[in-house]
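K.L.:
If it helps, the file is called coords00.cif and holds mmCIF, C-alpha atoms and all ligand atoms:
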```
data_my_file
loop_
_atom_site.label_atom_id
_atom_site.label_comp_id
_atom_site.auth_asym_id
_atom_site.auth_seq_id
_atom_site.Cartn_x
_atom_site.Cartn_y
_atom_site.Cartn_z
CA MET A 1 -14.70 -25.26 -2.51
CA PRO A 2 -12.81 -22.43 -4.24
CA THR A 3 -11.93 -19.45 -2.04
CA THR A 4 -13.90 -16.26 -2.41
CA VAL A 5 -12.04 -13.05 -1.82
CA LEU A 6 -13.32 -9.51 -1.32
CA VAL A 7 -11.08 -6.60 -2.29
CA ILE A 8 -12.21 -3.32 -0.72
CA GLY A 9 -10.68 -0.43 -2.64
CA SER A 10 -10.62 -2.55 -5.78
CA GLU A 11 -10.30 0.37 -8.20
CA GLY A 12 -7.30 2.00 -6.54
CA GLN A 13 -3.63 1.80 -7.47
CA ILE A 14 -2.88 -1.43 -5.61
CA GLY A 15 -6.42 -2.87 -5.40
CA SER A 16 -6.89 -2.94 -9.18
CA GLU A 17 -3.70 -4.93 -9.82
CA LEU A 18 -4.33 -7.15 -6.82
CA CYS A 19 -7.73 -8.11 -8.32
CA GLU A 20 -6.03 -9.01 -11.61
CA ALA A 21 -3.41 -11.13 -9.85
CA LEU A 22 -6.03 -12.97 -7.77
CA SER A 23 -8.26 -13.60 -10.80
CA ALA A 24 -5.24 -14.96 -12.70
CA LYS A 25 -4.97 -17.57 -9.94
CA LYS A 26 -8.61 -18.56 -10.61
CA ILE A 27 -9.75 -17.14 -7.29
CA GLU A 28 -13.25 -15.70 -7.25
CA VAL A 29 -12.81 -11.97 -6.63
CA ILE A 30 -15.52 -9.58 -5.52
CA ARG A 31 -14.58 -5.97 -6.14
CA ALA A 32 -15.86 -3.21 -3.88
CA ASP A 33 -15.08 0.48 -4.03
CA ILE A 34 -16.63 3.87 -3.38
CA LYS A 35 -16.11 4.62 -7.08
CA LEU A 36 -16.58 1.83 -9.58
CA GLU A 37 -15.39 1.83 -13.14
CA THR A 38 -18.30 0.43 -15.09
CA ALA A 39 -17.34 -3.14 -15.75
CA PRO A 40 -20.65 -5.02 -15.48
CA GLU A 41 -19.02 -8.35 -16.28
CA LYS A 42 -17.16 -8.16 -12.96
CA LEU A 43 -18.75 -9.06 -9.63
CA GLN A 44 -18.67 -5.69 -7.93
CA TYR A 45 -20.28 -3.57 -5.22
CA HIS A 46 -20.44 0.13 -4.62
CA LEU A 47 -19.23 0.21 -1.01
CA GLU A 48 -18.39 2.93 1.47
CA ALA A 49 -15.50 1.16 3.24
CA SER A 50 -16.69 2.12 6.72
CA ASP A 51 -20.27 0.81 6.23
CA LYS A 52 -20.28 -2.28 8.44
CA ASP A 53 -23.81 -3.48 7.61
CA ALA A 54 -23.18 -3.33 3.87
CA LEU A 55 -19.92 -5.19 4.38
CA ARG A 56 -21.59 -7.91 6.48
CA TYR A 57 -24.19 -8.33 3.73
CA ILE A 58 -21.51 -8.93 1.07
CA LEU A 59 -19.57 -11.32 3.31
CA GLU A 60 -22.67 -13.38 4.11
CA LYS A 61 -24.10 -13.39 0.60
CA HIS A 62 -20.89 -14.60 -1.03
CA LYS A 63 -19.43 -16.64 1.83
CA VAL A 64 -16.25 -14.60 1.61
CA GLU A 65 -13.21 -16.14 3.28
CA THR A 66 -10.58 -13.46 2.84
CA VAL A 67 -10.77 -9.67 2.77
CA TYR A 68 -8.07 -7.39 1.37
CA LEU A 69 -8.83 -3.97 2.82
CA MET A 70 -7.03 -1.66 0.40
CA ALA A 71 -9.21 1.47 0.78
CA ALA A 72 -7.37 4.29 2.56
CA MET A 73 -6.69 8.00 2.48
CA LEU A 74 -2.96 8.44 1.79
CA SER A 75 -0.43 10.72 3.43
CA ALA A 76 -0.80 14.00 1.53
CA THR A 77 -4.62 14.04 1.42
CA SER A 78 -4.82 12.96 5.07
CA GLU A 79 -2.99 16.14 6.12
CA LYS A 80 -5.79 18.14 4.46
CA PHE A 81 -8.68 16.09 5.86
CA PRO A 82 -7.49 14.67 9.20
CA GLU A 83 -10.90 13.68 10.57
CA LYS A 84 -12.05 12.05 7.34
CA ALA A 85 -8.73 10.22 7.12
CA TRP A 86 -9.00 8.94 10.68
CA HIS A 87 -12.58 7.80 10.11
CA LEU A 88 -11.91 6.01 6.83
CA ASN A 89 -8.57 4.48 7.78
CA MET A 90 -9.61 3.33 11.27
CA GLN A 91 -13.32 2.55 11.06
CA SER A 92 -12.97 0.40 7.96
CA LEU A 93 -10.26 -1.65 9.67
CA LEU A 94 -12.12 -2.02 12.96
CA ASN A 95 -15.24 -3.20 11.10
CA VAL A 96 -13.32 -5.84 9.17
CA LEU A 97 -11.52 -7.03 12.31
CA ASP A 98 -14.81 -7.20 14.22
CA LEU A 99 -16.48 -9.20 11.45
CA ALA A 100 -13.48 -11.55 11.41
CA LYS A 101 -13.82 -11.95 15.18
CA GLU A 102 -17.50 -12.82 14.63
CA LYS A 103 -16.37 -15.44 12.06
CA TYR A 104 -17.89 -13.81 8.99
CA LEU A 105 -14.47 -14.32 7.37
CA MET A 106 -11.28 -16.25 8.01
CA LYS A 107 -8.38 -14.06 6.93
CA VAL A 108 -7.62 -10.36 6.55
CA PHE A 109 -4.93 -8.40 4.72
CA TRP A 110 -4.49 -4.78 5.69
CA PRO A 111 -1.68 -2.58 4.40
CA SER A 112 0.37 -0.46 6.73
CA SER A 113 3.13 1.82 5.44
CA ILE A 114 6.63 3.14 6.02
CA ALA A 115 4.67 6.21 7.16
CA VAL A 116 4.47 4.65 10.63
CA PHE A 117 8.04 5.85 11.14
CA GLY A 118 8.74 9.41 12.19
CA PRO A 119 11.51 11.98 12.31
CA ASP A 120 13.18 10.38 15.34
CA THR A 121 13.29 6.88 13.79
CA PRO A 122 16.75 5.76 12.57
CA LYS A 123 16.75 6.71 8.87
CA ASN A 124 18.93 3.98 7.44
CA ASN A 125 18.21 0.30 7.50
CA THR A 126 15.29 1.07 9.81
CA PRO A 127 14.70 -1.94 12.09
CA GLN A 128 11.36 -3.71 12.52
CA GLU A 129 11.19 -2.71 16.17
CA THR A 130 12.44 0.83 16.75
CA ILE A 131 11.28 4.30 17.76
CA ILE A 132 7.88 4.64 16.07
CA ASN A 133 6.49 8.14 16.53
CA PRO A 134 4.75 9.08 13.27
CA SER A 135 4.35 12.82 12.65
CA THR A 136 1.57 12.63 10.03
CA VAL A 137 -2.16 11.94 10.27
CA TYR A 138 -1.77 8.99 7.90
CA GLY A 139 1.19 7.61 9.85
CA ILE A 140 -0.72 7.85 13.13
CA SER A 141 -3.66 5.97 11.60
CA LYS A 142 -1.35 3.27 10.23
CA ARG A 143 0.46 2.80 13.53
CA ALA A 144 -2.83 2.63 15.44
CA GLY A 145 -4.10 0.12 12.86
CA GLU A 146 -1.03 -2.06 13.32
CA LEU A 147 -1.65 -2.19 17.06
CA TRP A 148 -5.32 -3.05 16.48
CA CYS A 149 -4.28 -5.90 14.16
CA SER A 150 -1.95 -7.27 16.81
CA TYR A 151 -4.65 -6.91 19.47
CA TYR A 152 -7.32 -8.74 17.44
CA HIS A 153 -4.84 -11.49 16.69
CA GLN A 154 -3.74 -11.95 20.29
CA VAL A 155 -7.10 -11.53 22.01
CA HIS A 156 -9.56 -12.86 19.43
CA GLY A 157 -7.38 -15.15 17.28
CA VAL A 158 -8.06 -13.15 14.09
CA ASP A 159 -5.69 -14.15 11.26
CA VAL A 160 -4.80 -10.65 10.10
CA ARG A 161 -1.59 -10.05 8.17
CA SER A 162 0.03 -6.81 7.16
CA LEU A 163 2.94 -5.18 5.31
CA ARG A 164 4.50 -1.77 5.76
CA TYR A 165 4.41 -0.89 2.08
CA PRO A 166 7.06 1.49 0.79
CA GLY A 167 6.08 3.83 -2.07
CA ILE A 168 4.66 1.72 -4.90
CA ILE A 169 5.48 2.49 -8.52
CA SER A 170 3.09 1.34 -11.23
CA HIS A 171 1.59 2.46 -14.51
CA LYS A 172 -1.85 0.79 -14.77
CA THR A 173 -3.80 2.84 -12.21
CA ALA A 174 -2.50 6.16 -10.92
CA PRO A 175 -1.94 6.57 -7.18
CA GLY A 176 -3.81 9.43 -5.51
CA GLY A 177 -2.98 11.64 -2.57
CA GLY A 178 0.36 10.10 -1.58
CA THR A 179 3.75 11.69 -1.02
CA THR A 180 5.55 9.12 -3.15
CA ASP A 181 3.18 9.80 -6.10
CA TYR A 182 5.93 11.91 -7.72
CA ALA A 183 7.72 8.66 -8.59
CA VAL A 184 4.81 7.73 -10.87
CA GLU A 185 3.99 11.21 -12.23
CA ILE A 186 7.60 11.76 -13.32
CA PHE A 187 7.31 8.99 -15.94
CA SER A 188 4.10 10.19 -17.56
CA GLN A 189 5.44 13.77 -17.66
CA ALA A 190 8.74 12.53 -19.10
CA ASN A 191 6.86 10.81 -21.91
CA ARG A 192 4.41 13.67 -22.49
CA THR A 193 6.52 16.81 -22.12
CA LYS A 194 10.10 15.70 -21.33
CA GLN A 195 9.88 17.86 -18.20
CA TYR A 196 8.90 17.34 -14.59
CA ASN A 197 8.58 19.79 -11.71
CA SER A 198 9.06 17.75 -8.55
CA PHE A 199 7.28 18.62 -5.30
CA ILE A 200 10.03 16.70 -3.46
CA LYS A 201 13.64 17.94 -3.29
CA ALA A 202 16.30 16.35 -5.49
CA PRO A 203 18.17 14.18 -2.94
CA THR A 204 15.23 13.15 -0.69
CA THR A 205 15.35 9.37 -0.60
CA THR A 206 12.51 7.02 0.32
CA PRO A 207 12.10 3.26 -0.12
CA MET A 208 9.94 2.18 -3.07
CA ILE A 209 9.11 -0.97 -5.02
CA TYR A 210 7.60 -1.82 -8.36
CA MET A 211 3.98 -3.01 -8.25
CA SER A 212 4.62 -6.63 -9.25
CA ASP A 213 6.93 -7.02 -6.25
CA ALA A 214 4.33 -5.48 -3.94
CA ILE A 215 1.65 -7.86 -5.24
CA ASP A 216 3.95 -10.89 -4.99
CA ALA A 217 4.84 -9.94 -1.42
CA THR A 218 1.17 -9.54 -0.51
CA LEU A 219 0.10 -12.89 -1.95
CA THR A 220 3.13 -14.73 -0.56
CA LEU A 221 2.45 -13.37 2.91
CA MET A 222 -1.22 -14.37 2.66
CA ASN A 223 -0.35 -17.90 1.52
CA ALA A 224 2.33 -18.49 4.14
CA PRO A 225 1.54 -21.00 6.91
CA ALA A 226 0.29 -19.21 10.04
CA GLU A 227 3.19 -20.61 12.09
CA ASN A 228 5.67 -18.71 9.88
CA ILE A 229 4.09 -15.35 10.67
CA SER A 230 6.08 -13.92 13.58
CA ILE A 231 4.96 -10.29 13.12
CA ARG A 232 1.30 -9.51 13.77
CA THR A 233 1.61 -5.73 13.72
CA SER A 234 3.04 -5.27 10.22
CA TYR A 235 6.18 -6.45 8.42
CA ASN A 236 8.90 -4.02 7.36
CA LEU A 237 9.27 -4.09 3.58
CA GLY A 238 12.20 -2.40 1.86
CA GLY A 239 13.23 -2.34 -1.75
CA LEU A 240 14.73 0.31 -3.99
CA MET A 241 16.10 3.56 -2.55
CA ILE A 242 14.60 6.25 -4.77
CA SER A 243 15.01 10.01 -4.97
CA PRO A 244 13.82 12.46 -7.65
CA GLU A 245 17.39 13.10 -8.84
CA LYS A 246 18.12 9.38 -9.08
CA LEU A 247 14.99 8.77 -11.17
CA ALA A 248 15.81 11.78 -13.36
CA LYS A 249 19.33 10.44 -13.99
CA HIS A 250 17.97 7.06 -15.09
CA ILE A 251 15.22 8.59 -17.23
CA LYS A 252 17.80 10.79 -18.99
CA LYS A 253 19.70 7.68 -20.09
CA GLN A 254 16.69 6.78 -22.22
CA LEU A 255 15.33 10.29 -22.86
CA PRO A 256 18.38 12.58 -23.04
CA ASP A 257 16.22 15.75 -23.41
CA PHE A 258 14.40 15.13 -20.12
CA GLU A 259 14.69 18.02 -17.60
CA ILE A 260 13.70 18.08 -13.96
CA SER A 261 13.04 21.14 -11.75
CA TYR A 262 12.13 21.33 -8.07
CA THR A 263 9.37 23.23 -6.24
CA PRO A 264 9.04 21.48 -2.87
CA ASP A 265 5.68 21.89 -1.11
CA TYR A 266 4.06 20.62 2.12
CA ARG A 267 4.78 17.04 1.06
CA GLN A 268 8.51 17.61 1.54
CA LYS A 269 8.08 17.61 5.31
CA ILE A 270 6.21 14.30 5.12
CA ALA A 271 8.94 12.69 3.01
CA ASP A 272 11.64 14.09 5.35
CA SER A 273 10.01 12.27 8.27
CA TRP A 274 10.27 8.84 6.59
CA PRO A 275 13.20 6.39 6.42
CA GLU A 276 15.61 6.17 3.50
CA SER A 277 16.04 2.40 3.68
CA ILE A 278 14.38 -0.42 5.57
CA ASP A 279 15.65 -3.58 7.24
CA ASP A 280 13.26 -6.26 5.98
CA ARG A 281 15.20 -9.36 7.05
CA ILE A 282 12.28 -10.71 9.09
CA ALA A 283 9.99 -10.73 6.03
CA ARG A 284 12.76 -12.43 4.01
CA ASN A 285 13.31 -15.08 6.67
CA ASP A 286 9.69 -15.72 7.67
CA TRP A 287 8.10 -16.11 4.24
CA GLY A 288 10.70 -15.37 1.57
CA TYR A 289 10.17 -11.72 0.65
CA HIS A 290 12.38 -10.62 -2.22
CA VAL A 291 12.54 -7.87 -4.80
CA SER A 292 12.70 -8.97 -8.45
CA VAL A 293 12.48 -5.68 -10.36
CA ASP A 294 15.56 -3.45 -9.97
CA LEU A 295 15.78 0.28 -10.66
CA GLU A 296 17.00 -0.07 -14.24
CA GLN A 297 14.20 -2.52 -15.14
CA MET A 298 11.57 -0.45 -13.36
CA VAL A 299 12.53 2.72 -15.28
CA SER A 300 12.36 0.85 -18.59
CA ILE A 301 8.96 -0.66 -17.79
CA MET A 302 7.57 2.69 -16.68
CA LEU A 303 8.85 4.61 -19.70
CA ALA A 304 7.52 1.96 -22.04
CA ASN A 305 4.05 1.96 -20.49
CA CYS A 306 3.25 5.36 -18.98
CA LEU A 307 0.97 7.53 -21.05
C1 LIG B 401 2.06 7.68 0.48
O1 LIG B 401 2.94 8.32 -0.11
O2 LIG B 401 1.24 8.20 1.25
C2 LIG B 401 2.02 6.19 0.30
C3 LIG B 401 2.76 5.46 1.38
C4 LIG B 401 4.23 5.52 1.44
O3 LIG B 401 2.15 4.81 2.18
N1 LIG B 401 2.54 5.84 -0.98
#
```
Let me see the file written as C-alpha cells.
Ligand code: AKB
P.N.:
Amino acid sequence: MPTTVLVIGSEGQIGSELCEALSAKKIEVIRADIKLETAPEKLQYHLEASDKDALRYILEKHKVETVYLMAAMLSATSEKFPEKAWHLNMQSLLNVLDLAKEKYLMKVFWPSSIAVFGPDTPKNNTPQETIINPSTVYGISKRAGELWCSYYHQVHGVDVRSLRYPGIISHKTAPGGGTTDYAVEIFSQANRTKQYNSFIKAPTTTPMIYMSDAIDATLTLMNAPAENISIRTSYNLGGLMISPEKLAKHIKKQLPDFEISYTPDYRQKIADSWPESIDDRIARNDWGYHVSVDLEQMVSIMLANCL
C-alpha cells in the first residue's frame, strides 16, 4: 500500500516545497493549512493546526501514516503575539504527538530551529548538547517542543523526528514573520529596485541553507532506519554562514549597481541571540546530512528566480 502523508502548513515557505518533493516521489500528499491557495485538483483541507478533532478526522479518513507538522509562528511575529505563538506552536505539536501515541499515525516530523539557542550558548560551531537558554518566545516554544518529542519517544514509543532548521532561503513561497527573512527579501529587492534596507546589521551572521538542502535533509532523516536516529530532541543542522554584508557583496558581483543600507529593528536582538555556525556532525554521521548548494550557487539561483 502506498504511504499517505499529511502536511500541516502546506502553503507555507517550507510546506509548499515539501509537498512538491513528496509528490515527485509518488507519495500521496494531503495538504492542510489555515489559508489555502485555491487548487481544487489537490487533496486539501482547511485546517486550524491546533484543532485535534479535525486532525483526527483527516487521519482516520485517509489512513495517514506520516504527518509533517510545518505550521508555526516564527520568531519575529511570536514576539508580538506571545500567547498565540505558544498556543499554535505547542498545542499543534501536542495534538499530533497524542494522536501518534493513540496509533492514528506512525511517524511524525516536526521542525525545531537554531532559535533554541540563546545569548549564553557558544556562538561558533555550536554543539548539539550545550547551554540552551532561548531568549525569544519562539525559541522557548521550540525548546519545549524538542523536550516533548523526546518524552513521547521515550515514554510512548512515538517515532518523531526533528531538525533544528537554520534560516531557509528560497524563492517559490515567501517566508513570513521570521528574523532570517531578510535573506530572501534582499534578492527580490535587488531585482526590483537594486536597493535593500536591511533590518539586521551588516556583520550579523547566522546559519542558513538553501531550500533544496533543507528538503533533502528532511526526507533523508524521515527515511533513515530508526536505529540510526540517536537524537530524539532535534538534530543540529548547519550550512552556510550568512550576513547581510556577505549577501550584498555576492549580489554586487552580478548586479554592480546594487546598494544596501541598514536600519536595524527589534529583530536585531533576536539575531544577536543565535549562533553564527553550528556543529552538525551527528546529523552527518547518523544519516548522511550534507549541503549541496554553496553560497555562490544560491545567490545565482535566487537572482535568477526572485521576482
Ligand atoms: C526565523 O527566523 O524565525 C526562522 C528560524 C531561524 O527558525 N527562519
K.L.:
List the spatial neighbours of Glu79 (chain A) as a short mmCIF file (atom, residue, chain, number, x, y, z; two decimals) with C-alpha atoms, in the frame of the given file - criterion: any atom at most 8 Å away, only C-alpha atoms, same-chain residues fewer than 5 positions off excluded.
P.N.:
```
data_model
loop_
_atom_site.label_atom_id
_atom_site.label_comp_id
_atom_site.auth_asym_id
_atom_site.auth_seq_id
_atom_site.Cartn_x
_atom_site.Cartn_y
_atom_site.Cartn_z
CA THR A 136 1.57 12.63 10.03
CA VAL A 137 -2.16 11.94 10.27
CA TYR A 138 -1.77 8.99 7.90
#
```
K.L.:
In Å to one decimal, how far is CA of Pro111 (chain A) from CA of Val299 (chain A)?
P.N.:
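Separating CA of Val299 (chain A) from CA of Pro111 (chain A) is a distance of 24.8 Å.
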K.L.:
Using only C-alpha atoms, can you list as a VMD selection string the residues within 12 Å of (8.4, -4.8, 1.8)?
P.N.:
chain A and resid 111 to 114 128 162 to 168 207 to 218 220 to 221 234 to 240 277 to 284 287 to 292
K.L.:
Taking (12.5, 6.8, -1.8) as a centre in this file's frame and 6 Å as the limit, can you find every polymer residue with an atom that close, using all atoms listed in the file, and give them as a list in words?
P.N.:
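The residues that fall inside the cut-off are Thr205, Thr206, Pro207, Met208, Met241, Ile242 and Ser243 of chain A.
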K.L.:
Which is closest to Pro82 (chain A) among A:Ser141, A:Ile251, A:Leu219, A:Ile231, if we use all atoms listed in the file?
P.N.:
A:Ser141
K.L.:
Neighbouring residues of Val184 (chain A) were defined as those with any atom within 8 Å, considering all atoms listed in the file; residues of the same chain fewer than 5 positions away were excluded. Please report them as a PyMOL selection string.
P.N.:
chain A and resi 169-171+174-175
K.L.:
Excluding Ser230 (chain A) and residues on its chain fewer than 3 positions from it, collect all residues at most 9 Å away from it, counting all atoms listed in the file, and give them as number ranges by chain.
P.N.:
A: 226-227, 282, 286
K.L.:
Quick one, how far is CA of Asn285 (chain A) from CA of Tyr152 (chain A)?
P.N.:
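Separation of CA of Asn285 (chain A) and CA of Tyr152 (chain A): 24.1 Å.
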K.L.:
Can you tell me how far CA of Ala72 (chain A) sits from CA of Leu43 (chain A), in Å to one decimal?
P.N.:
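A separation of 21.4 Å between them.
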K.L.:
Which one of A:Ser23, A:Gln195, A:Cys306, A:Pro275 sits closest to Thr121 (chain A) if you count all atoms listed in the file?
P.N.:
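Looking only at the distances to Thr121 (chain A), the closest residue turns out to be A:Pro275.
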K.L.:
Residues near Gln91 (chain A), anyone? I mean within 12 Å using all atoms listed in the file, not counting same-chain ones fewer than 5 positions away, as a list in words.
P.N.:
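With the cut-off at 12 Å, the set is Glu48, Ala49, Ser50, Asp51, Lys52, Leu69, Ala71, Ala72, Glu83, Lys84, Ala85, Trp86, Val96, Leu97, Asp98, Ser141, Ala144, Gly145 and Trp148 of chain A.
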